[in-house]
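Trainee: One structure coming up, written as structure tokens, with questions to follow.
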Number of protein chains: 2
Amino acid sequence: MTIVRAHMSISLDGYTSGANQRFEQPFGDNTEGFNDWMFRIPAVRRMFGLEGGGDPGPSDDVFTERTANIGAIVMGRQMFGGGPGPWKADPVWKGWWGDNPPYHCPVYVLTHYPRGPQPMAGGTTFHFVTEGPAAALAHARESAGDKDVVIAGGAQTVQQYLALGAIDELELHLVPMLIGGGARLLDHVPVSTRFEPIRTVSASDVTHLRYRVVR
Amino acid sequence: MTIVRAHMSISLDGYTSGANQRFEQPFGDNTEGFNDWMFRIPAVRRMFGLEGGGDPGPSDDVFTERTANIGAIVMGRQMFGGGPGPWKADPVWKGWWGDNPPYHCPVYVLTHYPRGPQPMAGGTTFHFVTEGPAAALAHARESAGDKDVVIAGGAQTVQQYLALGAIDELELHLVPMLIGGGARLLDHVPVSTRFEPIRTVSASDVTHLRYRVVR
């Protein structure tokens, strides 16, 4: 059975990215160290071809669970990148992740600007959806079959799907730092949304909180 | 050795109280159920003379730790209550907690309006401090001796002490609900503040996250 799930790094003050996101600083101001917990995970280091084995520990198991059984992914335009507005033809922006992105499945990108599918190495194909979040999720569900659909981010995209009541599980990777400005994950979500704790995993640098989302 | 610590219930979207706090609804809008986790704890039920034993579980241990070894308490005017502005002489507001408040030690209340000490049954005396947060903390430290000082709240008061670098330990009782507006605990805190996880305790209705605060 398909589960629609989202997994986000979030600061103690509730931000998933800082102010002034830009090419040189994709996560924005005051986000230094925000994703370090992830780059200490052996599976992540292997995925990105980084030297050194990293630190096997509770986060390793969480990340392995998180990346298993994914049939399709949905992400916002800003997470895919390439700047705002119409797509530029030269150079063609193919995401932040190089020729072989770490997704290995169909990825549906929400955008206001039409563009043909962008196949990549390793089984990833970026599809650009202009009909809105519900349509993108329908495409993703169809592609995923019995596997899960992951709403990859960013904050605004996850908010949209929470508002639609379309997310079954939300995992917060709570990073013990403050960002102090930017995009807050849980703004603009109906307060009637309820969260039931499924499990908590603690590491020295992050706490993983998984919730069932109930409307 | 005295530890200065704070313990706050906080919603998933970062609020410790809702908008429109008022006498009839001290925690403000959209806070129904926000403190239910606490009233399921046997020690809390005994403290407030409530019927039924409650639910012994991980939160019971957390609450027992939280209330042990307290030498003095600091709280903001709004947490003490009695409305804004000068103190009214008739009736005299003596806090929300009845004749025998659950503190049993000196409590320093931050206020702009002078008032003499208010002794209560059970060892609680409310002292009203007009010289600001640093002075209130100095008084509390002196009263506490080797015991701990607790910054009881609300959000603004905890923020002030975090900004002063005066809090050694912060425990968040993360309640899996949204409040959607009101006072956010970790706004207006310097982003240079670092938090080191000490321990996490999970219950079905709340997750207790304890951090060492480092400046």
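By convention in this document, the chains of the structure tokens carry letters A, B, ... by their order, each chain's residues are numbered from 1, and ligands are numbered from 1 in the order they are shown.
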Going by DSSP on the backbone, which residues of stretch 7-196 of chain A come out as helix (DSSP H, G or I)? List them as a PyMOL selection string.

Mentor: chain A and resi 36-39+42-47+58-67+77-80+121-123+133-144+155-163

Trainee: If we count only C-alpha atoms, what is near A:Thr157 at a cut-off of 8 Å, once residues fewer than 5 positions away on the same chain are taken out, given as a PyMOL selection string?

Mentor: chain A and resi 75-76+151

Trainee: If we count only C-alpha atoms, which residues of chain A reach to within 7 Å of chain B? Please list them as a PyMOL selection string.

Mentor: chain A and resi 13-14+176-180+186-187+191+194-197+200+202+204

Trainee: Would you output that residue set with all heavy atoms, as a tab-separated table (two decimals), in the first residue's frame?

Mentor:
```tsv
chain	number	residue	atom	x	y	z
A	13	ASP	N	13.81	26.19	16.04
A	13	ASP	CA	12.82	27.26	15.89
A	13	ASP	C	11.93	27.06	14.67
A	13	ASP	O	11.21	27.98	14.26
A	13	ASP	CB	13.46	28.66	15.93
A	13	ASP	CG	14.62	28.85	14.96
A	13	ASP	OD1	15.11	27.85	14.40
A	13	ASP	OD2	15.05	30.00	14.77
A	14	GLY	N	11.95	25.86	14.08
A	14	GLY	CA	10.91	25.49	13.14
A	14	GLY	C	11.17	25.78	11.67
A	14	GLY	O	10.29	25.60	10.84
A	176	PRO	N	19.41	20.63	16.53
A	176	PRO	CA	19.43	21.52	17.70
A	176	PRO	C	20.17	22.82	17.45
A	176	PRO	O	21.24	23.07	18.02
A	176	PRO	CB	20.12	20.66	18.77
A	176	PRO	CG	21.01	19.74	18.01
A	176	PRO	CD	20.31	19.47	16.70
A	177	MET	N	19.63	23.63	16.57
A	177	MET	CA	20.19	24.95	16.28
A	177	MET	C	19.05	25.88	15.92
A	177	MET	O	17.92	25.44	15.69
A	177	MET	CB	21.21	24.88	15.14
A	177	MET	CG	20.63	24.38	13.83
A	177	MET	SD	21.86	24.29	12.48
A	177	MET	CE	21.89	25.99	11.91
A	178	LEU	N	19.35	27.17	15.88
A	178	LEU	CA	18.36	28.16	15.49
A	178	LEU	C	18.74	28.73	14.13
A	178	LEU	O	19.92	28.92	13.84
A	178	LEU	CB	18.30	29.29	16.52
A	178	LEU	CG	18.01	28.87	17.97
A	178	LEU	CD1	18.08	30.08	18.90
A	178	LEU	CD2	16.65	28.20	18.08
A	179	ILE	N	17.76	28.99	13.28
A	179	ILE	CA	18.00	29.63	11.98
A	179	ILE	C	17.52	31.08	12.01
A	179	ILE	O	18.12	31.96	11.42
A	179	ILE	CB	17.36	28.80	10.84
A	179	ILE	CG1	18.11	27.47	10.69
A	179	ILE	CG2	17.37	29.58	9.53
A	179	ILE	CD1	17.60	26.55	9.58
A	180	GLY	N	16.46	31.35	12.74
A	180	GLY	CA	16.09	32.74	13.05
A	180	GLY	C	15.32	33.48	11.97
A	180	GLY	O	14.97	34.65	12.17
A	186	LEU	N	5.76	24.47	9.45
A	186	LEU	CA	4.39	24.20	9.89
A	186	LEU	C	3.51	25.44	9.97
A	186	LEU	O	2.46	25.44	10.63
A	186	LEU	CB	4.40	23.39	11.20
A	186	LEU	CG	4.98	21.98	11.01
A	186	LEU	CD1	5.21	21.30	12.35
A	186	LEU	CD2	4.08	21.13	10.13
A	187	ASP	N	3.93	26.53	9.30
A	187	ASP	CA	3.03	27.66	9.11
A	187	ASP	C	2.01	27.30	8.03
A	187	ASP	O	2.27	26.46	7.16
A	187	ASP	CB	3.82	28.89	8.66
A	187	ASP	CG	4.49	29.60	9.83
A	187	ASP	OD1	4.22	29.23	10.98
A	187	ASP	OD2	5.29	30.53	9.58
A	191	VAL	N	-4.88	24.11	11.80
A	191	VAL	CA	-4.62	23.68	13.18
A	191	VAL	C	-5.41	22.44	13.54
A	191	VAL	O	-5.14	21.81	14.57
A	191	VAL	CB	-4.90	24.81	14.21
A	191	VAL	CG1	-3.94	25.96	14.01
A	191	VAL	CG2	-6.33	25.26	14.17
A	194	ARG	N	-3.83	16.73	13.10
A	194	ARG	CA	-3.31	16.07	14.30
A	194	ARG	C	-2.14	15.17	13.92
A	194	ARG	O	-2.08	14.66	12.80
A	194	ARG	CB	-4.40	15.24	14.99
A	194	ARG	CG	-5.41	16.07	15.76
A	194	ARG	CD	-4.76	16.69	17.02
A	194	ARG	NE	-5.67	17.51	17.81
A	194	ARG	CZ	-5.96	18.79	17.58
A	194	ARG	NH1	-5.42	19.41	16.55
A	194	ARG	NH2	-6.77	19.44	18.37
A	195	PHE	N	-1.23	15.02	14.85
A	195	PHE	CA	-0.02	14.23	14.62
A	195	PHE	C	0.07	13.18	15.73
A	195	PHE	O	0.00	13.52	16.91
A	195	PHE	CB	1.21	15.13	14.66
A	195	PHE	CG	1.18	16.22	13.61
A	195	PHE	CD1	0.51	17.41	13.85
A	195	PHE	CD2	1.81	16.04	12.39
A	195	PHE	CE1	0.46	18.41	12.88
A	195	PHE	CE2	1.77	17.04	11.42
A	195	PHE	CZ	1.09	18.23	11.67
A	196	GLU	N	0.22	11.91	15.35
A	196	GLU	CA	0.38	10.85	16.36
A	196	GLU	C	1.81	10.34	16.29
A	196	GLU	O	2.24	9.84	15.25
A	196	GLU	CB	-0.58	9.70	16.05
A	196	GLU	CG	-2.04	10.09	16.12
A	196	GLU	CD	-2.96	8.97	15.65
A	196	GLU	OE1	-2.46	7.92	15.17
A	196	GLU	OE2	-4.19	9.16	15.74
A	197	PRO	N	2.54	10.45	17.41
A	197	PRO	CA	3.93	9.97	17.39
A	197	PRO	C	3.99	8.49	17.03
A	197	PRO	O	3.25	7.69	17.59
A	197	PRO	CB	4.40	10.20	18.84
A	197	PRO	CG	3.50	11.26	19.38
A	197	PRO	CD	2.18	11.06	18.71
A	200	THR	N	10.49	7.78	18.02
A	200	THR	CA	11.52	8.80	18.15
A	200	THR	C	12.87	8.11	18.18
A	200	THR	O	13.03	7.09	18.85
A	200	THR	CB	11.34	9.58	19.46
A	200	THR	OG1	10.02	10.11	19.50
A	200	THR	CG2	12.34	10.72	19.57
A	202	SER	N	16.96	9.11	18.78
A	202	SER	CA	17.85	10.20	19.19
A	202	SER	C	19.28	9.92	18.80
A	202	SER	O	19.79	8.82	19.02
A	202	SER	CB	17.83	10.35	20.71
A	202	SER	OG	16.52	10.60	21.15
A	204	SER	N	23.27	12.18	18.76
A	204	SER	CA	23.88	13.30	19.50
A	204	SER	C	23.69	14.62	18.78
A	204	SER	O	23.77	15.69	19.40
A	204	SER	CB	25.37	13.03	19.70
A	204	SER	OG	26.00	12.94	18.44
```

Trainee: With distances taken over only C-alpha atoms, which residue among A:Arg40, A:His208, A:Arg66, A:Arg215 lies nearest A:Leu174?

Mentor: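 Using only C-alpha atoms, the shortest distance to A:Leu174 belongs to A:His208.
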
Trainee: Neighbours of A:Ala6 within 9 Å (only C-alpha atoms; same-chain residues fewer than 5 positions away dropped), as a VMD selection string?

Mentor: chain A and resid 149 to 153 158 167 to 172

Trainee: Could the residues in this selection be written to a file with N, CA, C and O atoms, as a CSV table (one decimal), in the first residue's frame?

Mentor:
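This is the output file part-v6.csv:
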```csv
chain,number,residue,atom,x,y,z
A,149,VAL,N,5.2,7.2,-1.9
A,149,VAL,CA,5.5,8.5,-2.6
A,149,VAL,C,6.1,9.4,-1.5
A,149,VAL,O,5.5,9.5,-0.4
A,150,VAL,N,7.2,10.1,-1.9
A,150,VAL,CA,7.8,11.0,-0.9
A,150,VAL,C,7.6,12.4,-1.4
A,150,VAL,O,7.9,12.7,-2.6
A,151,ILE,N,7.1,13.3,-0.5
A,151,ILE,CA,7.1,14.7,-0.8
A,151,ILE,C,8.4,15.3,-0.3
A,151,ILE,O,8.6,15.3,0.9
A,152,ALA,N,9.3,15.6,-1.2
A,152,ALA,CA,10.7,15.9,-0.8
A,152,ALA,C,10.9,17.3,-0.2
A,152,ALA,O,11.8,17.5,0.5
A,153,GLY,N,10.0,18.2,-0.5
A,153,GLY,CA,10.2,19.6,-0.1
A,153,GLY,C,10.1,20.5,-1.2
A,153,GLY,O,9.7,20.1,-2.3
A,158,VAL,N,5.6,21.0,1.2
A,158,VAL,CA,5.0,20.1,2.3
A,158,VAL,C,3.8,20.7,2.9
A,158,VAL,O,2.8,20.0,3.1
A,167,ILE,N,-0.8,13.9,3.2
A,167,ILE,CA,0.5,13.3,3.8
A,167,ILE,C,0.1,12.4,4.9
A,167,ILE,O,-0.6,12.7,5.8
A,168,ASP,N,0.5,11.1,4.8
A,168,ASP,CA,0.2,10.1,5.8
A,168,ASP,C,1.2,10.1,7.0
A,168,ASP,O,0.9,9.9,8.1
A,169,GLU,N,2.5,10.3,6.6
A,169,GLU,CA,3.6,10.3,7.7
A,169,GLU,C,4.5,11.5,7.4
A,169,GLU,O,4.9,11.8,6.3
A,170,LEU,N,4.8,12.1,8.6
A,170,LEU,CA,5.8,13.2,8.5
A,170,LEU,C,6.9,12.9,9.5
A,170,LEU,O,6.7,12.6,10.6
A,171,GLU,N,8.2,13.0,9.0
A,171,GLU,CA,9.3,12.8,9.9
A,171,GLU,C,10.1,14.1,9.9
A,171,GLU,O,10.5,14.6,8.9
A,172,LEU,N,10.3,14.6,11.2
A,172,LEU,CA,11.1,15.8,11.4
A,172,LEU,C,12.4,15.3,11.9
A,172,LEU,O,12.5,14.6,12.9
```

Trainee: Within 9 Å of A:Pro114, counting only C-alpha atoms, which residues qualify if same-chain residues fewer than 5 places away don't, as a list in words?

Mentor: Pro86, Trp87, Phe128, Val129 and Thr130 of chain A

Trainee: Write the residues of the preceding selection, restricted to all heavy atoms, as a PDB file, in the first residue's frame.

Mentor:
```pdb
ATOM      1  N   PRO A  86      10.550  31.460 -16.133  1.00  0.00           N
ATOM      2  CA  PRO A  86      10.607  30.461 -17.204  1.00  0.00           C
ATOM      3  C   PRO A  86      11.948  29.720 -17.226  1.00  0.00           C
ATOM      4  O   PRO A  86      12.974  30.266 -16.830  1.00  0.00           O
ATOM      5  CB  PRO A  86      10.437  31.305 -18.470  1.00  0.00           C
ATOM      6  CG  PRO A  86       9.735  32.546 -18.015  1.00  0.00           C
ATOM      7  CD  PRO A  86      10.224  32.792 -16.622  1.00  0.00           C
ATOM      8  N   TRP A  87      11.929  28.478 -17.691  1.00  0.00           N
ATOM      9  CA  TRP A  87      13.142  27.661 -17.778  1.00  0.00           C
ATOM     10  C   TRP A  87      14.080  28.242 -18.821  1.00  0.00           C
ATOM     11  O   TRP A  87      13.649  28.607 -19.913  1.00  0.00           O
ATOM     12  CB  TRP A  87      12.776  26.227 -18.142  1.00  0.00           C
ATOM     13  CG  TRP A  87      11.890  25.587 -17.119  1.00  0.00           C
ATOM     14  CD1 TRP A  87      10.555  25.388 -17.221  1.00  0.00           C
ATOM     15  CD2 TRP A  87      12.279  25.110 -15.834  1.00  0.00           C
ATOM     16  NE1 TRP A  87      10.072  24.805 -16.079  1.00  0.00           N
ATOM     17  CE2 TRP A  87      11.113  24.623 -15.204  1.00  0.00           C
ATOM     18  CE3 TRP A  87      13.492  25.044 -15.133  1.00  0.00           C
ATOM     19  CZ2 TRP A  87      11.117  24.082 -13.923  1.00  0.00           C
ATOM     20  CZ3 TRP A  87      13.500  24.499 -13.865  1.00  0.00           C
ATOM     21  CH2 TRP A  87      12.327  24.028 -13.266  1.00  0.00           C
ATOM     22  N   PHE A 128       7.827  17.655 -15.210  1.00  0.00           N
ATOM     23  CA  PHE A 128       7.448  18.992 -14.770  1.00  0.00           C
ATOM     24  C   PHE A 128       5.933  19.128 -14.869  1.00  0.00           C
ATOM     25  O   PHE A 128       5.357  18.918 -15.940  1.00  0.00           O
ATOM     26  CB  PHE A 128       8.211  20.029 -15.597  1.00  0.00           C
ATOM     27  CG  PHE A 128       9.699  19.848 -15.425  1.00  0.00           C
ATOM     28  CD1 PHE A 128      10.416  18.972 -16.241  1.00  0.00           C
ATOM     29  CD2 PHE A 128      10.368  20.496 -14.388  1.00  0.00           C
ATOM     30  CE1 PHE A 128      11.772  18.752 -16.045  1.00  0.00           C
ATOM     31  CE2 PHE A 128      11.728  20.273 -14.184  1.00  0.00           C
ATOM     32  CZ  PHE A 128      12.426  19.404 -15.013  1.00  0.00           C
ATOM     33  N   VAL A 129       5.320  19.439 -13.737  1.00  0.00           N
ATOM     34  CA  VAL A 129       3.859  19.416 -13.638  1.00  0.00           C
ATOM     35  C   VAL A 129       3.355  20.838 -13.409  1.00  0.00           C
ATOM     36  O   VAL A 129       3.737  21.493 -12.437  1.00  0.00           O
ATOM     37  CB  VAL A 129       3.401  18.511 -12.471  1.00  0.00           C
ATOM     38  CG1 VAL A 129       1.884  18.470 -12.389  1.00  0.00           C
ATOM     39  CG2 VAL A 129       3.977  17.106 -12.614  1.00  0.00           C
ATOM     40  N   THR A 130       2.505  21.300 -14.309  1.00  0.00           N
ATOM     41  CA  THR A 130       1.965  22.668 -14.184  1.00  0.00           C
ATOM     42  C   THR A 130       0.520  22.679 -13.694  1.00  0.00           C
ATOM     43  O   THR A 130      -0.062  23.745 -13.519  1.00  0.00           O
ATOM     44  CB  THR A 130       2.026  23.405 -15.546  1.00  0.00           C
ATOM     45  OG1 THR A 130       1.343  22.603 -16.513  1.00  0.00           O
ATOM     46  CG2 THR A 130       3.462  23.631 -15.991  1.00  0.00           C
TER      47      THR A 130
END
```

Trainee: Find the distance between atom CA of A:Thr16 and atom CA of A:Asn100 and write it in Å to one decimal.

Mentor: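 Those two atoms sit 25.0 Å apart.
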
Trainee: Provide the atom CA of B:His104 to atom CA of B:Phe23 distance in Å, to one decimal place.

Mentor: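 One can read the atom CA of B:His104 to atom CA of B:Phe23 distance as 24.1 Å.
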
Trainee: Using the chain letters and numbers from this document, which residues of chain A does DSSP assign to strand (DSSP E or B), as number ranges by chain?

Mentor: A: 4-11, 15-17, 22, 25, 70-76, 106-110, 118-119, 125-129, 148-153, 169-175, 183-184, 194-202, 207-214

Trainee: I'd like the interatomic distance between atom CA of B:Thr124 and atom CA of B:Gly95, to a tenth of an Å.

Mentor: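 Calculated distance between atom CA of B:Thr124 and atom CA of B:Gly95 is 11.2 Å.
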
Trainee: For B:Asp146, please output as a list in words all residues within 10 Å (counting only C-alpha atoms; exclusion window: fewer than 5 positions along the same chain).

Mentor: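 Listing them by chain and then by number gives Met1, Thr2, Ile3, Asn69, Ile70, Gly71 and Arg141 of chain B.
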